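Everything on this sheet refers to the single structure shown next.
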Amino acid sequence: MIFNGFHHIGLLVQDAEKSKDFYVNGLGGKEIFSFPMGDSGKSIYLVDLGGNSVLEIIPRGNGEEEANARWAHIALRTDDSKAAYDMAMKAGAQTRMEPRETNLGTMAVTISFVYGPDKEVIEFFQVM
């Protein structure tokens, strides 16, 4: 048995439609699949963000685990952190950290952070 990277990362959100709109229309992702969330009347969406990065947008459920879950942040690889940051801001994101060049050990990067529509933290990660 071998692992072959991530298939997708799931994000629990308050408003799945608003989040889907942000990641698809705001950041240029592509909705590749959707399916009903049981008999709740809500839908779950899979959005391809490029480079085998798939985001599963999941409406929050009623259980305590689902109500309190979230990731620390997701880092999206890009060839232009500033352009990705600007695109997100234009789509309605809120700034957490404007683009800056830094060294992570021996790796030179440009990074920036925004808050998405459900206050999730998104990092735009560019290796120099």
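How things are named: the first chain in the structure tokens is A, the next is B, and so on; residues count from 1 in each chain; ligands count from 1 in the order shown.
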
Residues flagged helix (DSSP H, G or I) by DSSP in chain A, as a list of chain:residue names: A:Ala16, A:Glu17, A:Lys18, A:Ser19, A:Lys20, A:Asp21, A:Phe22, A:Tyr23, A:Val24, A:Asn25, A:Gly26, A:Glu64, A:Glu65, A:Glu66, A:Ala67, A:Asn68, A:Ser81, A:Lys82, A:Ala83, A:Ala84, A:Tyr85, A:Asp86, A:Met87, A:Ala88, A:Met89, A:Lys90

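Going from CA of Ala91 (chain A) over to CA of Leu27 (chain A), you cover 7.3 Å.
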
Nearest-residue call for Ser19 (chain A), choices A:Ile32, A:Val114, A:Val109, A:Leu55, using only C-alpha atoms: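 Residue with the minimum atom-to-atom distance to Ser19 (chain A): A:Leu55.
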
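Among the candidates A:Leu76, A:Val13, A:Ala108, A:Arg60, the one nearest to Gly29 (chain A) when counting only C-alpha atoms is A:Leu76.
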